[in-house]
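Colleague: mmCIF, C-alpha atoms, file start_13.cif:
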```cif
data_target
loop_
_atom_site.label_atom_id
_atom_site.label_comp_id
_atom_site.auth_asym_id
_atom_site.auth_seq_id
_atom_site.Cartn_x
_atom_site.Cartn_y
_atom_site.Cartn_z
CA MET A 1 69.44 49.20 155.65
CA ASN A 2 71.22 46.42 153.83
CA VAL A 3 73.77 47.04 151.07
CA ARG A 4 75.47 44.50 148.82
CA LEU A 5 77.87 44.89 145.92
CA LEU A 6 76.30 42.43 143.48
CA ALA A 7 78.57 42.81 140.46
CA HIS A 8 81.31 45.00 139.03
CA THR A 9 83.63 45.26 136.04
CA PRO A 10 86.84 43.35 136.76
CA TYR A 11 89.41 46.05 137.62
CA GLU A 12 92.31 43.63 138.10
CA LEU A 13 91.88 42.23 134.61
CA LEU A 14 91.93 45.70 133.06
CA ARG A 15 94.91 46.80 135.14
CA GLU A 16 96.91 43.77 133.99
CA ARG A 17 95.88 44.20 130.38
CA PHE A 18 96.56 47.96 130.31
CA PRO A 19 99.43 48.53 132.78
CA THR A 20 100.12 52.05 131.48
CA LEU A 21 96.73 53.24 132.75
CA GLY A 22 96.44 54.11 136.42
CA TRP A 23 93.34 53.44 138.52
CA ARG A 24 92.15 57.01 138.01
CA GLN A 25 92.14 56.62 134.20
CA LEU A 26 90.28 53.32 134.47
CA LEU A 27 87.54 54.75 136.74
CA PRO A 28 85.15 55.84 133.96
CA HIS A 29 85.38 52.37 132.43
CA LEU A 30 84.43 50.53 135.63
CA ALA A 31 80.87 50.02 136.85
CA TYR A 32 79.54 48.83 140.21
CA THR A 33 76.04 47.48 140.85
CA PHE A 34 74.64 47.51 144.38
CA SER A 35 71.54 46.06 145.93
CA VAL A 36 70.34 48.80 148.29
CA GLU A 37 67.63 47.47 150.56
CA LYS A 38 65.31 49.04 153.10
CA ILE A 39 66.24 52.67 152.85
CA SER A 40 63.59 55.37 153.19
CA ARG A 41 61.98 57.03 150.21
CA ALA A 42 63.50 60.27 151.58
CA CYS A 43 66.92 58.69 151.10
CA SER A 44 66.16 57.26 147.66
CA HIS A 45 64.98 60.72 146.53
CA GLN A 46 68.46 62.04 147.37
CA LEU A 47 70.15 59.05 145.76
CA VAL A 48 68.41 59.43 142.41
CA ARG A 49 69.55 63.06 142.19
CA HIS A 50 72.89 61.56 141.16
CA ARG A 51 71.92 61.51 137.52
CA ALA A 52 75.06 59.84 136.20
CA ALA A 53 73.83 56.54 137.59
CA SER A 54 71.26 53.87 136.79
CA PHE A 55 68.41 52.83 139.06
CA SER A 56 65.77 50.09 139.14
CA GLN A 57 63.44 50.59 142.09
CA GLN A 58 60.50 48.80 143.65
CA SER A 59 57.34 50.49 142.42
CA GLN A 60 54.55 51.62 144.74
CA ARG A 61 52.28 51.54 141.69
CA TYR A 62 52.45 47.74 141.71
CA ILE A 63 53.53 46.67 145.19
CA THR A 64 51.00 47.12 147.97
CA VAL A 65 52.58 48.52 151.13
CA LYS A 66 51.56 46.05 153.82
CA ARG A 67 52.23 46.55 157.54
CA LEU A 68 53.57 50.06 156.98
CA ALA A 69 54.51 50.46 160.65
CA GLU A 70 57.07 47.67 160.23
CA ARG A 71 58.39 49.11 156.97
CA VAL A 72 59.49 52.61 157.83
CA VAL A 73 62.86 54.17 158.59
CA THR A 74 62.72 56.18 161.81
CA PRO A 75 65.06 59.19 162.08
CA PRO A 76 67.06 59.22 165.34
CA THR A 77 65.96 62.78 166.10
CA VAL A 78 62.23 62.05 166.47
CA ASP A 79 60.40 60.61 169.44
CA ASP A 80 59.65 57.02 168.50
CA SER A 81 56.15 56.78 169.99
CA THR A 82 54.97 60.03 168.40
CA PHE A 83 56.43 58.96 165.06
CA ARG A 84 54.81 55.52 165.25
CA GLY A 85 51.42 57.11 165.92
CA LEU A 86 51.68 59.32 162.86
CA VAL A 87 52.80 56.40 160.70
CA GLU A 88 49.81 54.36 161.94
CA LYS A 89 47.48 57.15 160.79
CA ALA A 90 49.12 57.19 157.35
CA SER A 91 48.88 53.41 157.22
CA ASP A 92 45.16 53.52 158.06
CA ALA A 93 44.56 56.20 155.43
CA TYR A 94 46.43 54.18 152.77
CA GLN A 95 44.55 50.98 153.62
CA THR A 96 41.21 52.79 153.60
CA LEU A 97 41.90 54.11 150.11
CA VAL A 98 43.10 50.72 148.78
CA ASP A 99 40.08 48.95 150.34
CA SER A 100 37.72 51.44 148.73
CA GLY A 101 39.10 50.63 145.29
CA VAL A 102 41.52 53.51 144.79
CA PRO A 103 44.43 52.27 142.62
CA LYS A 104 47.67 51.69 144.52
CA GLU A 105 49.35 54.32 142.36
CA ASP A 106 46.97 56.94 143.82
CA ALA A 107 46.58 55.58 147.35
CA ARG A 108 50.35 55.87 147.80
CA TYR A 109 50.05 59.67 147.86
CA VAL A 110 49.35 59.44 151.60
CA LEU A 111 52.43 57.32 152.33
CA PRO A 112 55.25 59.04 154.26
CA ASN A 113 58.79 59.66 153.06
CA ALA A 114 59.84 57.23 155.79
CA THR A 115 58.39 54.29 153.83
CA GLU A 116 61.07 51.70 153.05
CA THR A 117 62.14 51.06 149.49
CA SER A 118 64.75 48.87 147.80
CA LEU A 119 66.56 49.32 144.52
CA LEU A 120 69.42 48.38 142.25
CA VAL A 121 71.98 51.15 141.76
CA THR A 122 74.77 51.15 139.19
CA MET A 123 77.46 53.82 138.95
CA THR A 124 80.72 54.11 137.08
CA GLY A 125 83.85 54.46 139.21
CA SER A 126 83.95 58.18 138.38
CA ALA A 127 80.32 58.69 139.41
CA LEU A 128 80.94 56.74 142.62
CA PHE A 129 83.90 58.93 143.59
CA HIS A 130 81.74 62.03 143.11
CA PHE A 131 78.91 60.44 145.11
CA TYR A 132 81.31 59.59 147.94
CA GLY A 133 82.86 63.05 147.82
CA LEU A 134 79.49 64.70 148.43
CA ARG A 135 77.60 62.18 150.53
CA LEU A 136 80.35 61.14 152.94
CA CYS A 137 80.75 64.78 153.93
CA ASN A 138 79.77 65.57 157.52
CA ARG A 139 77.20 67.98 156.08
CA ALA A 140 75.34 65.21 154.22
CA GLN A 141 72.08 63.96 155.71
CA TRP A 142 72.58 61.02 158.11
CA GLU A 143 70.80 58.29 156.14
CA ILE A 144 72.44 58.85 152.77
CA ARG A 145 75.81 59.31 154.55
CA SER A 146 75.25 55.95 156.18
CA LEU A 147 74.36 54.47 152.78
CA ALA A 148 77.48 55.95 151.18
CA ASP A 149 79.59 54.57 154.04
CA ALA A 150 78.15 51.08 153.51
CA MET A 151 78.70 51.26 149.73
CA LEU A 152 82.30 52.43 150.20
CA ALA A 153 82.99 49.62 152.68
CA ARG A 154 81.86 47.07 150.06
CA CYS A 155 84.04 48.70 147.40
CA LYS A 156 87.10 48.85 149.69
CA ALA A 157 86.68 45.17 150.51
CA SER A 158 86.53 44.33 146.81
CA GLU A 159 89.08 46.73 145.31
CA PRO A 160 91.14 48.48 148.00
CA GLU A 161 93.75 49.69 145.48
CA VAL A 162 91.06 51.90 143.95
CA PHE A 163 88.74 52.71 146.80
CA ASP A 164 91.26 53.43 149.53
CA ASN A 165 91.50 56.68 147.56
CA ALA A 166 87.80 57.46 148.03
CA GLY A 167 86.15 59.44 150.80
CA PRO A 168 84.52 62.82 151.38
CA TYR A 169 85.87 65.62 149.18
CA CYS A 170 88.06 66.94 152.01
CA TYR A 171 89.81 63.55 152.08
CA MET A 172 90.21 63.37 148.30
CA LEU A 173 91.15 67.03 147.68
CA GLY A 174 93.14 67.75 150.80
CA ARG A 175 90.95 70.81 151.43
CA CYS A 176 87.32 71.44 152.30
CA PRO A 177 85.27 72.67 149.31
CA GLU A 178 82.28 73.68 151.47
CA GLY A 179 83.52 77.24 152.04
CA ARG A 180 81.72 79.04 154.87
CA PHE A 181 79.57 75.94 155.46
CA THR A 182 82.59 73.83 156.45
CA CYS A 183 82.06 71.55 159.44
CA GLY A 184 85.49 72.54 160.76
CA GLU A 185 86.33 68.91 161.44
CA MET A 186 88.35 68.09 158.35
CA ALA A 187 91.25 66.46 160.20
CA GLU A 188 88.91 63.96 161.92
CA ALA A 189 87.05 63.27 158.66
CA VAL A 190 90.28 62.65 156.76
CA GLU A 191 91.53 60.33 159.49
CA ARG A 192 88.28 58.35 159.41
CA TYR A 193 88.77 57.39 155.76
CA ARG A 194 92.52 56.82 155.79
CA PRO A 195 93.20 53.07 155.16
CA MET B 1 88.96 49.12 112.53
CA ARG B 2 89.27 46.30 115.03
CA LEU B 3 87.25 45.89 118.22
CA GLU B 4 88.00 43.41 120.99
CA LEU B 5 85.78 42.89 124.02
CA VAL B 6 88.27 42.71 126.89
CA ALA B 7 86.06 42.79 130.01
CA TYR B 8 82.47 43.03 131.12
CA THR B 9 80.32 42.79 134.22
CA PRO B 10 79.54 39.13 134.98
CA ASN B 11 76.04 37.62 134.77
CA ILE B 12 74.63 40.45 132.66
CA GLU B 13 71.38 38.68 131.78
CA THR B 14 70.78 37.69 135.41
CA MET B 15 71.07 41.36 136.35
CA ILE B 16 68.69 42.38 133.55
CA ALA B 17 66.12 39.87 134.81
CA THR B 18 66.61 41.07 138.40
CA SER B 19 66.11 44.66 137.30
CA MET B 20 62.91 43.70 135.42
CA LEU B 21 61.43 41.86 138.40
CA ILE B 22 62.31 44.42 141.09
CA THR B 23 59.62 46.84 139.98
CA THR B 24 56.77 44.51 140.82
CA SER B 25 58.30 42.19 143.41
CA GLY B 26 58.28 42.58 147.17
CA ALA B 27 61.49 40.51 147.35
CA GLN B 28 64.77 42.33 147.95
CA PRO B 29 66.99 42.92 144.88
CA GLY B 30 69.90 40.90 146.30
CA THR B 31 67.58 37.97 147.07
CA LEU B 32 66.12 38.07 143.55
CA TYR B 33 69.61 38.14 142.03
CA ASP B 34 70.77 35.17 144.13
CA ARG B 35 67.67 33.15 143.19
CA LEU B 36 68.06 33.91 139.50
CA LEU B 37 71.74 32.97 139.47
CA ASN B 38 70.61 29.39 140.03
CA ARG B 39 67.76 29.53 137.50
CA PRO B 40 69.16 30.16 134.00
CA GLY B 41 65.89 28.99 132.42
CA LYS B 42 63.92 31.64 134.30
CA VAL B 43 66.48 34.30 133.35
CA LYS B 44 66.13 33.36 129.68
CA GLU B 45 62.34 33.55 129.92
CA VAL B 46 62.27 36.91 131.71
CA VAL B 47 64.94 38.53 129.54
CA GLY B 48 63.11 37.33 126.44
CA ARG B 49 60.14 39.49 127.51
CA ALA B 50 62.23 42.66 127.86
CA GLU B 51 60.75 45.72 126.19
CA ALA B 52 62.99 48.34 124.64
CA GLN B 53 61.15 51.34 126.07
CA HIS B 54 62.31 50.49 129.58
CA GLY B 55 65.97 50.91 128.75
CA ASN B 56 67.14 51.33 132.33
CA ILE B 57 67.07 47.54 132.79
CA LEU B 58 70.00 47.39 130.36
CA GLU B 59 72.15 49.86 132.31
CA HIS B 60 73.31 47.73 135.26
CA ASN B 61 76.52 46.56 133.59
CA ARG B 62 79.51 47.76 131.59
CA LEU B 63 81.30 46.38 128.56
CA VAL B 64 84.93 47.37 127.97
CA TRP B 65 86.58 47.07 124.58
CA MET B 66 89.98 47.73 123.06
CA LEU B 67 89.46 49.62 119.83
CA GLU B 68 91.99 50.04 117.07
CA ALA B 69 90.76 52.82 114.81
CA THR B 70 91.85 55.94 112.97
CA ASP B 71 91.30 59.35 114.53
CA GLY B 72 88.57 59.94 111.96
CA GLU B 73 86.70 56.78 112.94
CA VAL B 74 86.92 57.67 116.63
CA LEU B 75 85.80 61.25 115.98
CA GLU B 76 82.79 59.94 114.06
CA ALA B 77 81.87 57.60 116.93
CA THR B 78 82.22 60.32 119.59
CA LEU B 79 79.98 62.60 117.52
CA ASP B 80 77.44 59.79 117.07
CA THR B 81 76.99 58.89 120.74
CA SER B 82 77.53 60.64 124.06
CA TYR B 83 77.12 57.47 126.07
CA LEU B 84 80.33 55.63 125.20
CA THR B 85 83.58 56.57 126.95
CA PHE B 86 86.91 56.71 125.11
CA THR B 87 90.43 56.81 126.57
CA ARG B 88 93.42 56.91 124.23
CA LEU B 89 95.94 54.18 125.00
CA ASP B 90 98.49 55.10 122.34
CA GLY B 91 98.53 55.91 118.62
CA ASN B 92 95.41 54.29 117.18
CA ARG B 93 94.52 52.16 120.22
CA TRP B 94 91.66 53.23 122.49
CA LEU B 95 89.90 51.89 125.54
CA LEU B 96 86.17 52.11 124.89
CA SER B 97 83.34 51.32 127.30
CA GLY B 98 79.62 51.69 127.81
CA ASN B 99 76.62 49.89 129.16
CA LEU B 100 74.42 47.54 127.18
CA ARG B 101 71.79 50.21 126.56
CA ALA B 102 74.32 52.58 125.01
CA ALA B 103 75.76 49.74 122.94
CA ILE B 104 72.37 48.55 121.67
CA GLU B 105 71.01 52.02 120.91
CA TYR B 106 74.15 52.92 118.97
CA ALA B 107 74.00 49.64 117.02
CA GLN B 108 70.31 50.26 116.25
CA GLU B 109 70.87 53.80 115.02
CA LYS B 110 73.70 53.29 112.58
CA LYS B 111 75.36 50.53 110.60
CA THR B 112 79.15 50.87 110.52
CA PRO B 113 81.97 48.35 111.03
CA LEU B 114 82.20 49.63 114.63
CA THR B 115 78.49 49.24 115.43
CA GLU B 116 78.45 45.80 113.81
CA ALA B 117 81.34 44.74 116.03
CA ILE B 118 79.55 46.22 119.06
CA ALA B 119 76.38 44.30 118.15
CA ALA B 120 78.42 41.08 117.99
CA SER B 121 79.68 41.77 121.53
CA VAL B 122 76.13 42.35 122.74
CA LYS B 123 75.04 39.01 121.34
CA ARG B 124 77.96 37.35 123.09
CA VAL B 125 77.29 38.73 126.60
CA ALA B 126 73.48 38.80 126.41
CA PRO B 127 72.38 36.25 123.79
CA ASP B 128 68.73 36.20 124.86
CA ILE B 129 67.86 39.86 124.49
CA ARG B 130 66.01 40.58 121.29
CA PHE B 131 66.54 44.29 120.70
CA LEU B 132 68.88 43.73 117.77
CA GLU B 133 66.63 41.20 116.02
CA HIS B 134 65.31 43.68 113.48
CA GLU B 135 68.88 44.11 112.27
CA GLU B 136 68.86 40.49 111.17
CA ARG B 137 65.61 40.49 109.21
#
```
Translate the structure of the given file into structure tokens.
Modeller:
Amino acid sequence: MNVRLLAHTPYELLRERFPTLGWRQLLPHLAYTFSVEKISRACSHQLVRHRAASFSQQSQRYITVKRLAERVVTPPTVDDSTFRGLVEKASDAYQTLVDSGVPKEDARYVLPNATETSLLVTMTGSALFHFYGLRLCNRAQWEIRSLADAMLARCKASEPEVFDNAGPYCYMLGRCPEGRFTCGEMAEAVERYRP
Amino acid sequence: MRLELVAYTPNIETMIATSMLITTSGAQPGTLYDRLLNRPGKVKEVVGRAEAQHGNILEHNRLVWMLEATDGEVLEATLDTSYLTFTRLDGNRWLLSGNLRAAIEYAQEKKTPLTEAIAASVKRVAPDIRFLEHEER
């Protein structure tokens, strides 16, 4: 996974121009565009569920997936050799279909969720805070949590005055909103995101 | 009514071109963006081919304006479009923002002093996109 903050609305300029507005009031007027590279399709499916965002993603209708075995994200919980074997079978099936003239947009139906993808993601500051609140939670799935962590690190480096306030919802609210599903590790989570 | 563009995402057309090329390119988005930053001629050519029906390519940015308008003018604008964000600064001054897609679609739908001022901003930050051309005919 590789994450870059490519562009954003200049917060400092707005803060100087409108000193009566705090960072929280400026959030909906700020936008951040990331290049998110080499995440799994499983992860991008979760990412695009954040509807208050904009996405431009590599298309499997037009891009042939070559050397699939080198372009998959392997979950840490699976045995690597078993996983590789299954991916090889999917790769063979995909190539067989493409070679027999099946359009890429149909051959891709045999590709696994592990297949790498890359995309541009743009969110407003408000949408980003909500994304971080949910996806930095200990209960979030490991890959999107890792993605959210990388995105937050880029934002903190760029605009710490704003993004030192961001983290999982327990950090931002001072309480866990997960109810009976709480991880029970709020103190550690809060400490992890404290600047 | 007075509208002033006070801030916007840099290199808007480069990002539009990157967004257009990502779909069909095996190159990584960040690599495409870096390459295009050094090729303004290519950006102009790609952006000139943009088609309105793929509006998401216009969403990777944000324009921020300071609007001076009456409550009635602001109410009319908020009823017209859900995709622009308003924050009251004081009295008749508002902070207004939205992405290029929201700005263009609003300017295409209605002709008011506000949408004409928005269209002028669009032409300033993205002079090579052609979606507003029909307005000029």
Colleague: Please report the interatomic distance between CA of Asp164 in chain A and CA of Leu30 in chain A in Å with one decimal.
Modeller: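 That distance, rounded to one decimal, is 15.8 Å.
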Colleague: Counting all atoms listed in the file, which of B:Ala69, B:Leu96, B:Ala126, B:His54 gets nearest to Ala7 in chain B?
Modeller: B:Leu96
Colleague: Check every residue of chain A for an atom within 10 Å of chain B, counting all atoms listed in the file, and provide those that qualify as an NGL selection string.
Modeller: :A and (2-11 or 13-14 or 17-18 or 20-21 or 25-26 or 28-38 or 53-65 or 117-124)
Colleague: Any idea what the distance is between CA of Leu3 in chain B and CA of Ala117 in chain B?
Modeller: 6.4 Å
Colleague: The PyMOL selection byres ((chain A and resi 149) around 10) - which residues does that actually catch in the file I just gave you? List them as a list in words.
Modeller: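 Here the PyMOL selection byres ((chain A and resi 149) around 10) matches Val3, Tyr132, Arg135, Leu136, Glu143, Ile144, Arg145, Ser146, Leu147, Ala148, Ala150, Met151, Leu152, Ala153, Arg154, Cys155, Gly167, Pro168 and Tyr193 of chain A.
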Colleague: Mind writing the picked residues with C-alpha atoms as a PDB file, keeping the file's coordinate frame?
Modeller:
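So part.pdb came out as:
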```pdb
ATOM      1  CA  VAL A   3      73.770  47.040 151.070  1.00  0.00           C
ATOM      2  CA  TYR A 132      81.310  59.590 147.940  1.00  0.00           C
ATOM      3  CA  ARG A 135      77.600  62.180 150.530  1.00  0.00           C
ATOM      4  CA  LEU A 136      80.350  61.140 152.940  1.00  0.00           C
ATOM      5  CA  GLU A 143      70.800  58.290 156.140  1.00  0.00           C
ATOM      6  CA  ILE A 144      72.440  58.850 152.770  1.00  0.00           C
ATOM      7  CA  ARG A 145      75.810  59.310 154.550  1.00  0.00           C
ATOM      8  CA  SER A 146      75.250  55.950 156.180  1.00  0.00           C
ATOM      9  CA  LEU A 147      74.360  54.470 152.780  1.00  0.00           C
ATOM     10  CA  ALA A 148      77.480  55.950 151.180  1.00  0.00           C
ATOM     11  CA  ALA A 150      78.150  51.080 153.510  1.00  0.00           C
ATOM     12  CA  MET A 151      78.700  51.260 149.730  1.00  0.00           C
ATOM     13  CA  LEU A 152      82.300  52.430 150.200  1.00  0.00           C
ATOM     14  CA  ALA A 153      82.990  49.620 152.680  1.00  0.00           C
ATOM     15  CA  ARG A 154      81.860  47.070 150.060  1.00  0.00           C
ATOM     16  CA  CYS A 155      84.040  48.700 147.400  1.00  0.00           C
ATOM     17  CA  GLY A 167      86.150  59.440 150.800  1.00  0.00           C
ATOM     18  CA  PRO A 168      84.520  62.820 151.380  1.00  0.00           C
ATOM     19  CA  TYR A 193      88.770  57.390 155.760  1.00  0.00           C
TER      20      TYR A 193
END
```
Colleague: Which residues come within 12 Å of range 106-113 of chain A, counting only C-alpha atoms, excluding same-chain residues fewer than 6 positions away, as a ChimeraX atom specification?
Modeller: /A:39-46,59-69,71-75,83-84,86-100
Colleague: Using all atoms of range 167-178 of chain A that appear in the file, construct an axis-aligned enclosing box with 6 Å of padding on every side and provide its centre coordinates and edge lengths in Å, rounded to one decimal, as AutoDock Vina command-line options.
Modeller:
```
--center_x 87.7 --center_y 66.6 --center_z 150.0 --size_x 22.9 --size_y 26.2 --size_z 16.6
```
Colleague: Counting only C-alpha atoms, what is within 9 Å of Tyr169 in chain A, bar same-chain residues fewer than 4 positions away, as a PyMOL selection string?
Modeller: chain A and resi 129-130+132-134+136-137+173-177
Colleague: Measure the distance from CA of Leu5 in chain B to CA of Glu161 in chain A in Å and round it to one decimal.
Modeller: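 Between CA of Leu5 in chain B and CA of Glu161 in chain A the gap works out to 23.9 Å.
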Colleague: Which residues are near Ala119 in chain B? Cut-off 9 Å, all atoms listed in the file, ignore same chain within fewer than 6 positions. Put them as an MDAnalysis selection string.
Modeller: chainID B and resid 103:104 106:108 132
Colleague: Write out, as a PDB file, in the frame of the given file, the residues just selected, with C-alpha atoms.
Modeller:
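The resulting file, out.pdb, is shown below:
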```
ATOM      1  CA  ALA B 103      75.760  49.740 122.940  1.00  0.00           C
ATOM      2  CA  ILE B 104      72.370  48.550 121.670  1.00  0.00           C
ATOM      3  CA  TYR B 106      74.150  52.920 118.970  1.00  0.00           C
ATOM      4  CA  ALA B 107      74.000  49.640 117.020  1.00  0.00           C
ATOM      5  CA  GLN B 108      70.310  50.260 116.250  1.00  0.00           C
ATOM      6  CA  LEU B 132      68.880  43.730 117.770  1.00  0.00           C
TER       7      LEU B 132
END
```
Colleague: With only C-alpha atoms as the basis for distance, which of B:Asp80, B:Ile129, B:Arg93, B:Glu51 is at the shortest distance from Thr112 in chain B?
Modeller: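 So, comparing all the options, the nearest one is B:Asp80.
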Colleague: Pull out every residue that the PyMOL selection byres ((chain B and resi 71) around 12) matches in the shown coordinates and put them as a list in words.
Modeller: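 Output from the PyMOL selection byres ((chain B and resi 71) around 12), applied to this file: Met1, Leu67, Glu68, Ala69, Thr70, Gly72, Glu73, Val74, Leu75, Glu76, Ala77, Thr78, Phe86, Arg88, Asp90, Gly91, Asn92, Arg93 and Trp94 of chain B.
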